[in-house]
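Undergrad: See entry-v3.cif below, with mmCIF, C-alpha atoms.
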data_data
loop_
_atom_site.label_atom_id
_atom_site.label_comp_id
_atom_site.auth_asym_id
_atom_site.auth_seq_id
_atom_site.Cartn_x
_atom_site.Cartn_y
_atom_site.Cartn_z
CA MET A 1 -15.50 58.10 -106.32
CA ALA A 2 -18.52 56.92 -104.38
CA PRO A 3 -17.86 54.38 -101.65
CA ARG A 4 -20.17 51.80 -103.26
CA ALA A 5 -18.36 52.09 -106.62
CA ALA A 6 -14.99 51.72 -104.91
CA CYS A 7 -16.11 48.57 -103.18
CA GLY A 8 -17.31 47.21 -106.52
CA LEU A 9 -13.93 47.82 -108.14
CA TRP A 10 -12.09 46.14 -105.22
CA ARG A 11 -14.50 43.15 -105.36
CA ALA A 12 -13.83 42.71 -109.08
CA ALA A 13 -10.09 42.76 -108.43
CA ARG A 14 -10.08 40.27 -105.50
CA GLY A 15 -12.84 37.84 -106.51
CA PRO A 16 -16.45 37.24 -105.62
CA SER A 17 -15.82 36.53 -101.91
CA ALA A 18 -14.19 39.85 -101.12
CA CYS A 19 -16.23 42.32 -99.04
CA GLY A 20 -18.65 39.45 -98.36
CA PRO A 21 -19.44 38.10 -94.90
CA ALA A 22 -16.67 36.30 -93.04
CA PRO A 23 -16.61 32.52 -93.60
CA TRP A 24 -17.52 31.79 -89.98
CA ALA A 25 -20.53 34.08 -90.29
CA ARG A 26 -22.15 32.28 -93.23
CA ARG A 27 -25.16 30.11 -92.42
CA GLY A 28 -23.87 26.96 -94.07
CA PHE A 29 -20.51 27.10 -92.25
CA ALA A 30 -22.25 27.64 -88.93
CA ALA A 31 -24.55 24.68 -89.58
CA ARG A 32 -21.60 22.45 -90.46
CA GLN A 33 -19.82 23.43 -87.25
CA GLY A 34 -22.85 22.56 -85.13
CA ARG A 35 -23.28 26.20 -84.05
CA PRO A 36 -26.48 28.19 -84.41
CA PRO A 37 -26.50 30.72 -87.28
CA ARG A 38 -26.21 34.43 -86.66
CA LEU A 39 -29.05 36.06 -84.83
CA GLY A 40 -31.81 36.94 -87.30
CA ALA A 41 -30.44 34.76 -90.14
CA PRO A 42 -32.99 32.46 -91.78
CA VAL A 43 -32.67 28.77 -91.00
CA PRO A 44 -31.84 26.63 -94.09
CA ALA A 45 -34.61 24.40 -95.41
CA GLY A 46 -34.63 20.98 -93.79
CA ALA A 47 -32.40 22.03 -90.88
CA ASN A 48 -33.16 22.19 -87.17
CA ARG A 49 -33.83 25.53 -85.52
CA ASP A 50 -30.16 25.73 -84.50
CA GLY A 51 -29.05 25.12 -88.10
CA SER A 52 -27.86 21.54 -87.51
CA ASP A 53 -28.60 18.50 -89.65
CA PRO A 54 -31.81 16.81 -88.42
CA SER A 55 -30.30 13.38 -89.13
CA GLY A 56 -27.68 13.90 -86.41
CA ARG A 57 -24.87 12.62 -88.66
CA ARG A 58 -21.28 13.62 -88.01
CA GLY A 59 -18.70 14.76 -90.47
CA ALA A 60 -15.06 13.85 -90.95
CA GLY A 61 -14.00 16.13 -88.14
CA GLY A 62 -16.78 15.04 -85.84
CA GLU A 63 -19.12 17.95 -86.80
CA LEU A 64 -22.83 17.57 -86.79
CA GLY A 65 -24.62 18.04 -90.11
CA SER A 66 -21.86 17.40 -92.64
CA GLY A 67 -23.34 14.03 -93.63
CA ARG A 68 -19.88 12.40 -93.87
CA PRO A 69 -18.75 9.39 -91.80
CA GLY A 70 -15.86 9.56 -89.39
CA GLY A 71 -15.01 11.91 -86.51
CA PRO A 72 -13.88 11.28 -82.97
CA CYS A 73 -16.97 9.30 -82.05
CA ALA A 74 -16.51 7.03 -85.05
CA ALA A 75 -12.85 6.56 -84.07
CA ARG A 76 -13.84 5.56 -80.58
CA ALA A 77 -16.34 3.08 -81.91
CA ARG A 78 -13.76 1.45 -84.18
CA PRO A 79 -12.76 -1.89 -82.56
CA GLY A 80 -9.15 -2.08 -81.33
CA PRO A 81 -6.75 -5.01 -81.49
CA GLU A 82 -7.78 -8.16 -79.67
CA PRO A 83 -6.08 -8.54 -76.24
CA PRO A 84 -3.75 -11.54 -76.00
CA PRO A 85 -5.42 -14.63 -74.56
CA PRO A 86 -4.55 -15.51 -70.97
CA PRO A 87 -1.81 -18.13 -70.67
CA LEU A 88 -2.92 -21.71 -70.31
CA LEU A 89 -1.52 -22.72 -66.93
CA PRO A 90 -0.84 -26.40 -66.31
CA PRO A 91 -3.06 -27.89 -63.57
CA ARG A 92 -1.34 -28.42 -60.24
CA ALA A 93 -1.11 -31.73 -58.47
CA GLY A 94 -3.45 -32.11 -55.53
CA GLY A 95 -1.98 -30.84 -52.26
CA SER A 96 1.12 -29.40 -53.91
CA GLU A 97 2.55 -25.90 -53.55
CA LEU A 98 4.76 -23.76 -55.75
CA LEU A 99 8.22 -22.77 -54.56
CA PHE A 100 9.69 -19.75 -56.32
CA GLY A 101 13.13 -18.18 -56.46
CA LEU A 102 16.65 -19.41 -57.08
CA ALA A 103 17.67 -20.23 -53.50
CA PRO A 104 14.46 -22.01 -52.34
CA CYS A 105 14.19 -24.12 -55.50
CA GLY A 106 17.90 -24.93 -55.67
CA LEU A 107 18.18 -25.96 -52.01
CA ALA A 108 14.92 -27.91 -52.14
CA LEU A 109 16.22 -29.95 -55.07
CA ALA A 110 19.59 -30.45 -53.39
CA ARG A 111 18.19 -31.63 -50.04
CA ALA A 112 15.22 -33.59 -51.44
CA ARG A 113 13.09 -33.29 -48.32
CA ARG A 114 9.98 -32.86 -50.47
CA VAL A 115 8.20 -34.81 -53.19
CA PHE A 116 8.76 -33.04 -56.52
CA PHE A 117 6.24 -32.85 -59.35
CA ARG A 118 7.47 -30.34 -61.96
CA LEU A 119 10.12 -27.70 -62.48
CA PHE A 120 9.18 -24.56 -64.40
CA LEU A 121 11.93 -22.48 -66.01
CA GLN A 122 11.73 -19.20 -67.87
CA ALA A 123 12.58 -19.75 -71.51
CA GLY A 124 15.94 -18.27 -72.52
CA ARG A 125 17.06 -17.73 -68.95
CA GLY A 126 20.87 -18.22 -69.26
CA PRO A 127 23.08 -20.84 -67.60
CA ALA A 128 21.17 -20.93 -64.30
CA GLY A 129 18.24 -22.59 -66.04
CA GLY A 130 20.53 -25.29 -67.41
CA GLU A 131 21.85 -26.10 -63.94
CA PHE A 132 18.34 -26.43 -62.57
CA ALA A 133 17.36 -28.63 -65.48
CA LEU A 134 20.29 -30.96 -64.74
CA GLN A 135 19.33 -31.15 -61.05
CA ALA A 136 15.73 -31.92 -61.96
CA ALA A 137 16.74 -34.56 -64.51
CA ALA A 138 18.93 -36.27 -61.92
CA ARG A 139 15.86 -36.65 -59.69
CA GLY A 140 13.46 -37.53 -62.49
CA VAL A 141 11.51 -34.27 -62.27
CA PRO A 142 9.82 -33.10 -65.51
CA VAL A 143 11.01 -29.70 -66.76
CA HIS A 144 8.70 -27.18 -68.47
CA ARG A 145 9.95 -23.98 -70.11
CA LEU A 146 7.48 -21.10 -70.07
CA ALA A 147 7.45 -17.52 -71.29
CA ARG A 148 7.98 -14.80 -68.69
CA ARG A 149 4.32 -13.81 -68.79
CA GLU A 150 3.19 -17.39 -68.17
CA LEU A 151 5.62 -17.80 -65.27
CA ASP A 152 4.41 -14.52 -63.74
CA ALA A 153 0.83 -15.77 -63.91
CA LEU A 154 1.81 -19.12 -62.43
CA CYS A 155 3.48 -17.39 -59.46
CA ARG A 156 0.75 -14.72 -59.20
CA GLY A 157 3.22 -11.91 -59.69
CA ARG A 158 5.73 -12.95 -57.02
CA LEU A 159 9.47 -12.60 -57.62
CA HIS A 160 10.35 -15.99 -59.10
CA GLN A 161 13.74 -15.14 -60.71
CA GLY A 162 12.87 -17.43 -63.60
CA VAL A 163 12.48 -20.62 -61.53
CA CYS A 164 9.44 -22.30 -59.92
CA LEU A 165 9.20 -25.76 -58.44
CA GLU A 166 5.98 -27.63 -57.79
CA ALA A 167 6.46 -29.81 -54.73
CA SER A 168 4.78 -31.21 -51.65
CA PRO A 169 4.57 -28.90 -48.59
CA LEU A 170 7.06 -28.97 -45.73
CA ARG A 171 5.61 -29.49 -42.26
CA CYS A 172 6.97 -28.61 -38.85
CA ARG A 173 8.30 -31.54 -36.89
CA SER A 174 7.05 -32.36 -33.41
CA ALA A 175 8.89 -30.70 -30.53
CA GLU A 176 9.50 -34.16 -29.02
CA GLU A 177 11.78 -34.90 -31.97
CA ALA A 178 13.93 -31.88 -31.12
CA GLU A 179 15.54 -33.53 -28.12
CA GLU A 180 19.32 -33.86 -28.46
CA PRO A 181 20.86 -36.97 -26.86
CA ALA A 182 24.13 -35.08 -26.33
CA SER A 183 22.60 -31.85 -25.06
CA ALA A 184 24.32 -29.98 -22.29
CA ALA A 185 21.60 -30.79 -19.82
CA GLY A 186 21.68 -34.48 -20.71
CA GLY A 187 25.13 -35.86 -20.15
CA ASP A 188 28.15 -33.62 -20.35
CA GLY A 189 27.62 -31.59 -17.20
CA GLY A 190 26.81 -28.30 -18.85
CA SER A 191 30.09 -28.06 -20.73
CA ARG A 192 28.31 -27.38 -24.03
CA GLN A 193 26.35 -24.18 -24.65
CA VAL A 194 23.10 -24.92 -26.44
CA ILE A 195 20.59 -22.28 -27.51
CA TRP A 196 17.09 -22.85 -28.81
CA LEU A 197 14.89 -20.16 -30.31
CA VAL A 198 11.20 -20.40 -29.40
CA LEU A 199 8.65 -18.33 -31.35
CA GLU A 200 5.25 -17.57 -29.87
CA ARG A 201 2.53 -16.68 -32.41
CA ILE A 202 4.70 -15.26 -35.19
CA GLN A 203 2.16 -14.66 -37.96
CA ASP A 204 3.92 -12.79 -40.76
CA PRO A 205 5.63 -15.18 -43.25
CA MET A 206 8.26 -12.57 -44.10
CA ASN A 207 9.18 -12.24 -40.43
CA LEU A 208 9.27 -15.99 -39.94
CA GLY A 209 11.56 -16.40 -42.94
CA ALA A 210 13.90 -13.67 -41.70
CA LEU A 211 13.97 -15.24 -38.21
CA LEU A 212 14.92 -18.63 -39.64
CA ARG A 213 17.66 -17.09 -41.73
CA SER A 214 19.19 -15.26 -38.74
CA ALA A 215 18.90 -18.29 -36.45
CA TYR A 216 20.64 -20.54 -38.96
CA PHE A 217 23.40 -18.04 -39.70
CA LEU A 218 24.16 -17.20 -36.04
CA GLY A 219 24.29 -20.78 -34.78
CA VAL A 220 20.94 -21.50 -33.09
CA ASP A 221 20.59 -25.24 -32.47
CA ARG A 222 16.78 -25.58 -32.72
CA VAL A 223 13.80 -23.42 -33.65
CA VAL A 224 10.45 -24.25 -32.03
CA THR A 225 7.17 -22.48 -32.80
CA SER A 226 3.76 -22.53 -31.18
CA ARG A 227 1.40 -24.37 -33.52
CA ARG A 228 -1.63 -22.24 -32.67
CA ASP A 229 -1.89 -18.76 -34.22
CA SER A 230 1.45 -19.13 -36.00
CA CYS A 231 2.42 -18.88 -39.64
CA PRO A 232 2.90 -22.28 -41.34
CA LEU A 233 5.91 -23.14 -43.48
CA THR A 234 4.87 -21.68 -46.84
CA PRO A 235 6.77 -20.90 -50.06
CA THR A 236 6.83 -17.23 -49.00
CA VAL A 237 8.60 -18.23 -45.77
CA SER A 238 11.12 -20.23 -47.79
CA LYS A 239 11.77 -17.27 -50.09
CA ALA A 240 12.13 -14.83 -47.17
CA SER A 241 14.57 -17.24 -45.49
CA ALA A 242 16.69 -17.42 -48.68
CA GLY A 243 16.05 -21.17 -48.72
CA VAL A 244 17.05 -21.83 -45.09
CA MET A 245 13.66 -23.45 -44.51
CA GLU A 246 14.72 -26.18 -46.96
CA VAL A 247 17.78 -27.19 -44.93
CA PHE A 248 16.93 -26.27 -41.31
CA ASP A 249 14.31 -28.24 -39.36
CA VAL A 250 11.54 -26.27 -37.66
CA TYR A 251 9.68 -27.83 -34.73
CA SER A 252 6.32 -26.97 -33.22
CA THR A 253 4.32 -27.68 -30.10
CA ASP A 254 0.64 -27.49 -29.23
CA ASP A 255 1.32 -26.37 -25.65
CA LEU A 256 4.19 -23.90 -25.54
CA GLN A 257 3.98 -23.17 -21.82
CA SER A 258 4.08 -26.85 -20.87
CA PHE A 259 7.07 -27.24 -23.18
CA LEU A 260 8.90 -24.38 -21.39
CA LYS A 261 8.06 -25.83 -17.96
CA ALA A 262 9.51 -29.20 -19.00
CA LYS A 263 12.74 -27.60 -20.23
CA THR A 264 13.05 -25.61 -17.00
CA ALA A 265 12.75 -28.84 -15.02
CA GLU A 266 15.62 -30.24 -17.11
CA GLY A 267 17.88 -27.35 -16.07
CA TRP A 268 17.44 -24.98 -19.00
CA GLU A 269 17.24 -21.23 -18.56
CA VAL A 270 14.27 -19.55 -20.23
CA VAL A 271 14.96 -15.97 -21.34
CA GLY A 272 12.27 -13.68 -22.69
CA THR A 273 12.31 -10.34 -24.45
CA VAL A 274 10.57 -7.01 -23.92
CA SER A 275 10.72 -3.71 -25.76
CA ARG A 276 10.81 -1.66 -22.54
CA ALA A 277 11.93 -2.60 -19.05
CA GLU A 278 8.73 -1.37 -17.39
CA THR A 279 6.57 -3.80 -19.37
CA ALA A 280 7.99 -6.93 -17.70
CA GLU A 281 5.76 -8.80 -15.25
CA ASN A 282 7.80 -9.32 -12.05
CA VAL A 283 10.78 -10.70 -13.97
CA PRO A 284 14.27 -9.14 -13.81
CA VAL A 285 15.15 -7.17 -16.95
CA ILE A 286 18.73 -6.68 -18.12
CA ASP A 287 20.47 -5.05 -21.04
CA CYS A 288 21.24 -7.61 -23.75
CA SER A 289 24.88 -6.49 -23.83
CA GLU A 290 25.23 -7.38 -20.13
CA PHE A 291 23.64 -10.82 -20.42
CA ARG A 292 25.88 -13.81 -19.64
CA TRP A 293 24.96 -17.46 -19.80
CA ASN A 294 26.70 -20.73 -19.03
CA LYS A 295 24.02 -23.40 -19.40
CA PRO A 296 21.53 -24.41 -22.08
CA MET A 297 19.04 -21.66 -22.71
CA ILE A 298 15.88 -20.88 -24.62
CA LEU A 299 15.29 -17.43 -26.09
CA VAL A 300 11.54 -16.79 -26.38
CA ILE A 301 10.28 -14.25 -28.93
CA GLY A 302 6.70 -12.96 -28.87
CA SER A 303 4.29 -12.01 -31.63
CA GLU A 304 4.64 -8.93 -33.84
CA GLY A 305 1.87 -6.92 -32.20
CA ASP A 306 1.55 -8.09 -28.59
CA GLY A 307 4.92 -9.62 -27.71
CA LEU A 308 5.02 -12.44 -25.19
CA SER A 309 1.80 -13.50 -23.55
CA LEU A 310 1.51 -12.91 -19.81
CA GLY A 311 1.64 -16.63 -19.03
CA THR A 312 4.84 -17.07 -21.03
CA GLN A 313 6.45 -14.03 -19.39
CA ARG A 314 5.92 -15.57 -15.96
CA LEU A 315 7.84 -18.68 -17.04
CA CYS A 316 10.94 -16.66 -17.98
CA HIS A 317 13.88 -16.41 -15.58
CA ARG A 318 15.16 -13.18 -17.08
CA MET A 319 14.06 -10.68 -19.72
CA LEU A 320 16.34 -9.01 -22.25
CA VAL A 321 15.91 -5.49 -23.59
CA ILE A 322 17.73 -3.68 -26.42
CA PRO A 323 18.56 -0.13 -25.32
CA PRO A 324 17.78 2.54 -27.95
CA GLY A 325 20.46 4.91 -29.21
CA ARG A 326 18.33 8.06 -28.80
CA ALA A 327 15.14 9.40 -27.27
CA LEU A 328 12.36 7.82 -29.31
CA CYS A 329 9.16 9.41 -30.56
CA PRO A 330 5.94 7.84 -29.30
CA GLY A 331 4.71 5.11 -31.59
CA ILE A 332 8.14 3.98 -32.84
CA GLU A 333 9.55 2.66 -29.60
CA SER A 334 10.38 -0.87 -30.76
CA LEU A 335 12.13 -2.77 -33.54
CA ASN A 336 10.74 -5.19 -36.07
CA VAL A 337 10.65 -8.64 -34.47
CA SER A 338 13.12 -10.19 -36.91
CA VAL A 339 15.55 -7.27 -36.54
CA ALA A 340 15.38 -7.35 -32.73
CA THR A 341 15.89 -11.12 -32.71
CA GLY A 342 18.93 -10.80 -34.94
CA ILE A 343 20.50 -8.29 -32.54
CA LEU A 344 19.78 -10.47 -29.49
CA LEU A 345 21.04 -13.66 -31.14
CA HIS A 346 24.25 -11.99 -32.23
CA SER A 347 24.88 -10.79 -28.67
CA ILE A 348 24.12 -14.22 -27.19
CA CYS A 349 25.73 -16.47 -29.81
CA SER A 350 28.95 -14.47 -29.89
CA GLN A 351 29.51 -15.66 -26.30
CA LYS A 352 28.90 -19.23 -27.48
CA LEU A 353 31.65 -18.85 -30.07
CA LYS A 354 34.12 -17.40 -27.57
CA HIS A 355 33.37 -20.21 -25.15
CA SER A 356 34.04 -22.86 -27.82
CA ASP A 357 37.37 -21.22 -28.70
#
Please express the file's structure as structure tokens.
TA:
Amino acid sequence: MAPRAACGLWRAARGPSACGPAPWARRGFAARQGRPPRLGAPVPAGANRDGSDPSGRRGAGGELGSGRPGGPCAARARPGPEPPPPPLLPPRAGGSELLFGLAPCGLALARARRVFFRLFLQAGRGPAGGEFALQAAARGVPVHRLARRELDALCRGRLHQGVCLEASPLRCRSAEEAEEPASAAGGDGGSRQVIWLVLERIQDPMNLGALLRSAYFLGVDRVVTSRRDSCPLTPTVSKASAGVMEVFDVYSTDDLQSFLKAKTAEGWEVVGTVSRAETAENVPVIDCSEFRWNKPMILVIGSEGDGLSLGTQRLCHRMLVIPPGRALCPGIESLNVSVATGILLHSICSQKLKHSD
């Protein structure tokens, strides 16, 4: 049988499309797919030279030339759901600040050293919210319950633990108010060991909060800061101190070096700190574990980056250093200021406890 006759029989058996061109080779299919037709094939009437629809319309699958709506571009153009409106935050009282966290808010309400405006609680927050509401009601403070998202926006994303308290700021007290009538230098002949912590230009609120927390825990009698170039008492400091700032007075002075000179004249010992013994300026340096004291003293801590200023170093009677436990790589030769202060205070205040026993 001739090949052409055989093909005709097979076509009749399988249908009209058998032995015809492949679907992807037909001109109409190529035009619907946005691809040019086969080389040498005539372009359909009304189509572009590449076989596409001149109207530029897209089909259901996003193809050019099908003339049907839809496709990926149409899906992208379809408007999505409306975003939720931003929470309506209540306006703050003039000059107020927002405490956040369980410990700062709870201790602030308990001590009442501030003026309170409003208490904000996260709705559905368990028994802790009820206790705060009772404290606020006892002091006549309005209570507002907000959704978590609204409380987050109110605190600007800080860790509030479901509680925020709008209150007046806390200020440092003047260093003149820090004088103790019964101090060791004043009237009992040095029988009482008194230690004050003096902070020169501490600027990081997290460090200041950690310093206050360590000083309070380890038994420091007073904390005095330099007013210039120092971090103020902010809600972040209160949070970092676990609320110690709400119960422990902080004093400040405009002239730190004059303050140290006056305390030296009263018989106090001024002790500074350095990270390495060779950095001290003509002042004896000793290991903190070998330090002994038997009269009122001031421990002076310098700023995070530069340490004690040269003028303050020269007013110190001795300098303390914390010896490292290994050979240190360059660039990491010192401790964080709050960590170093905690180590020094523990070494010093432990002697105070033994002496009182």
Undergrad: Take the point (5.7, -30.8, -31.0) in the file's coordinates, draw a sphere of radius 9 Å around it, and report as a PDB file with C-alpha atoms, keeping the file's coordinate frame every protein, DNA or RNA residue with an atom inside or on it, counting all atoms listed in the file.
TA:
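See result.pdb below for the written result:
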ATOM      1  CA  CYS A 172       6.970 -28.610 -38.850  1.00  0.00           C
ATOM      2  CA  ARG A 173       8.300 -31.540 -36.890  1.00  0.00           C
ATOM      3  CA  SER A 174       7.050 -32.360 -33.410  1.00  0.00           C
ATOM      4  CA  ALA A 175       8.890 -30.700 -30.530  1.00  0.00           C
ATOM      5  CA  GLU A 176       9.500 -34.160 -29.020  1.00  0.00           C
ATOM      6  CA  GLU A 177      11.780 -34.900 -31.970  1.00  0.00           C
ATOM      7  CA  ALA A 178      13.930 -31.880 -31.120  1.00  0.00           C
ATOM      8  CA  VAL A 224      10.450 -24.250 -32.030  1.00  0.00           C
ATOM      9  CA  THR A 225       7.170 -22.480 -32.800  1.00  0.00           C
ATOM     10  CA  SER A 226       3.760 -22.530 -31.180  1.00  0.00           C
ATOM     11  CA  ARG A 227       1.400 -24.370 -33.520  1.00  0.00           C
ATOM     12  CA  TYR A 251       9.680 -27.830 -34.730  1.00  0.00           C
ATOM     13  CA  SER A 252       6.320 -26.970 -33.220  1.00  0.00           C
ATOM     14  CA  THR A 253       4.320 -27.680 -30.100  1.00  0.00           C
ATOM     15  CA  ASP A 254       0.640 -27.490 -29.230  1.00  0.00           C
ATOM     16  CA  ASP A 255       1.320 -26.370 -25.650  1.00  0.00           C
ATOM     17  CA  LEU A 256       4.190 -23.900 -25.540  1.00  0.00           C
ATOM     18  CA  PHE A 259       7.070 -27.240 -23.180  1.00  0.00           C
TER      19      PHE A 259
END
Undergrad: Select, counting all atoms listed in the file, all protein, DNA and RNA residues no farther than 8 Å from (24.6, -22.4, -25.9) in file coordinates, and express the selection as a ChimeraX atom specification.
TA: /A:192-195,293-297,349,352
Undergrad: Quick one: of A:Val237, A:Cys231, A:Val339, A:Leu199, who's nearest to Val300 of chain A, counting all atoms listed in the file?
TA: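 Distance minimum relative to Val300 of chain A lands on A:Leu199.
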Undergrad: Care to translate the PyMOL selection byres ((chain A and resi 201) around 6) into actual residues of this file, as a short mmCIF file (atom, residue, chain, number, x, y, z; two decimals) with C-alpha atoms, keeping the file's coordinate frame?
TA:
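File produced: out-v2.cif:
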data_model
loop_
_atom_site.label_atom_id
_atom_site.label_comp_id
_atom_site.auth_asym_id
_atom_site.auth_seq_id
_atom_site.Cartn_x
_atom_site.Cartn_y
_atom_site.Cartn_z
CA GLU A 200 5.25 -17.57 -29.87
CA ILE A 202 4.70 -15.26 -35.19
CA GLN A 203 2.16 -14.66 -37.96
CA ASP A 229 -1.89 -18.76 -34.22
CA SER A 230 1.45 -19.13 -36.00
CA SER A 303 4.29 -12.01 -31.63
#
Undergrad: If the PyMOL selection byres ((chain A and resi 128-143) around 8) were run on this exact file, what residues would it hold? Put them as a list in words.
TA: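 Those residues are Gly106, Leu109, Ala110, Phe116, Phe117, Arg118, Leu119, Phe120, Leu121, Gln122, Arg125, Gly126, Pro127, His144, Arg145, Gly162 and Val163 of chain A.
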Undergrad: Between atom CA of Thr236 of chain A and atom CA of Ser96 of chain A, what is the spacing in Å?
TA: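 Atom CA of Thr236 of chain A lies at a distance of 14.3 Å from atom CA of Ser96 of chain A.
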Undergrad: On this structure, which residues satisfy the PyMOL selection byres ((chain A and resi 169) around 9), written as a compact mmCIF listing (two decimals) with C-alpha atoms, in the frame of the given file?
TA:
# COMPACT_ATOMS: atom_id res chain seq x y z
CA GLY A 95 -1.98 -30.84 -52.26
CA SER A 96 1.12 -29.40 -53.91
CA GLU A 97 2.55 -25.90 -53.55
CA LEU A 98 4.76 -23.76 -55.75
CA ARG A 114 9.98 -32.86 -50.47
CA VAL A 115 8.20 -34.81 -53.19
CA ALA A 167 6.46 -29.81 -54.73
CA SER A 168 4.78 -31.21 -51.65
CA LEU A 170 7.06 -28.97 -45.73
CA ARG A 171 5.61 -29.49 -42.26
CA LEU A 233 5.91 -23.14 -43.48
CA THR A 234 4.87 -21.68 -46.84
CA PRO A 235 6.77 -20.90 -50.06
Undergrad: Provide the atom CA of Val223 of chain A to atom CA of Trp196 of chain A distance in Å, to one decimal place.
TA: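 Atom CA of Trp196 of chain A lies at a distance of 5.9 Å from atom CA of Val223 of chain A.
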Undergrad: Atom CA of Arg276 of chain A and atom CA of Val321 of chain A are how many Å apart?
TA: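 So the two atoms, atom CA of Arg276 of chain A and atom CA of Val321 of chain A, lie 6.5 Å apart.
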Undergrad: I'd like to know which of A:Ala242, A:Cys164, A:Leu154, A:Leu146 is closest to Phe100 of chain A, using all atoms listed in the file.
TA: A:Cys164
Undergrad: Tell me, as a tab-separated table (two decimals) with C-alpha atoms, keeping the file's coordinate frame, which residues lie within 6 Å of segment 286-289 of chain A, counting only C-alpha atoms; anything in the same chain fewer than 2 positions away does not count.
TA:
chain	number	residue	atom	x	y	z
A	291	PHE	CA	23.64	-10.82	-20.42
A	320	LEU	CA	16.34	-9.01	-22.25
A	321	VAL	CA	15.91	-5.49	-23.59
A	322	ILE	CA	17.73	-3.68	-26.42
Undergrad: In terms of the shortest atom-to-atom distance over only C-alpha atoms, which of A:Val283, A:Arg222, A:Gly124, A:Met245 is closest to Ala210 of chain A?
TA: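 With only C-alpha atoms as the atom set, the closest residue is A:Met245.
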Undergrad: From the options A:Leu260, A:Ile348, A:Leu299, A:Ile343, which residue's atoms come nearest to Thr312 of chain A, counting all atoms listed in the file?
TA: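 With all atoms listed in the file as the atom set, the closest residue is A:Leu260.
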Undergrad: Restricting the calculation to all atoms listed in the file: of A:Ala147, A:Val337, A:Cys316, A:Arg113, which residue gets closest to Met206 of chain A?
TA: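 Among the listed residues, A:Val337 lies closest to Met206 of chain A.
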Undergrad: Give, as JSON, the centre coordinates and the x, y and z edge lengths in Å to one decimal for an axis-aligned box around all listed atoms of segment 225-239 of chain A, padded by 4 Å on each side.
TA:
{"center_x": 4.9, "center_y": -20.8, "center_z": -40.6, "size_x": 21.7, "size_y": 15.1, "size_z": 26.9}
Undergrad: Using only C-alpha atoms, can you tell me which of A:Ser350, A:Glu266, A:Lys261, A:Gly331 comes closest to Arg314 of chain A?
TA: A:Lys261
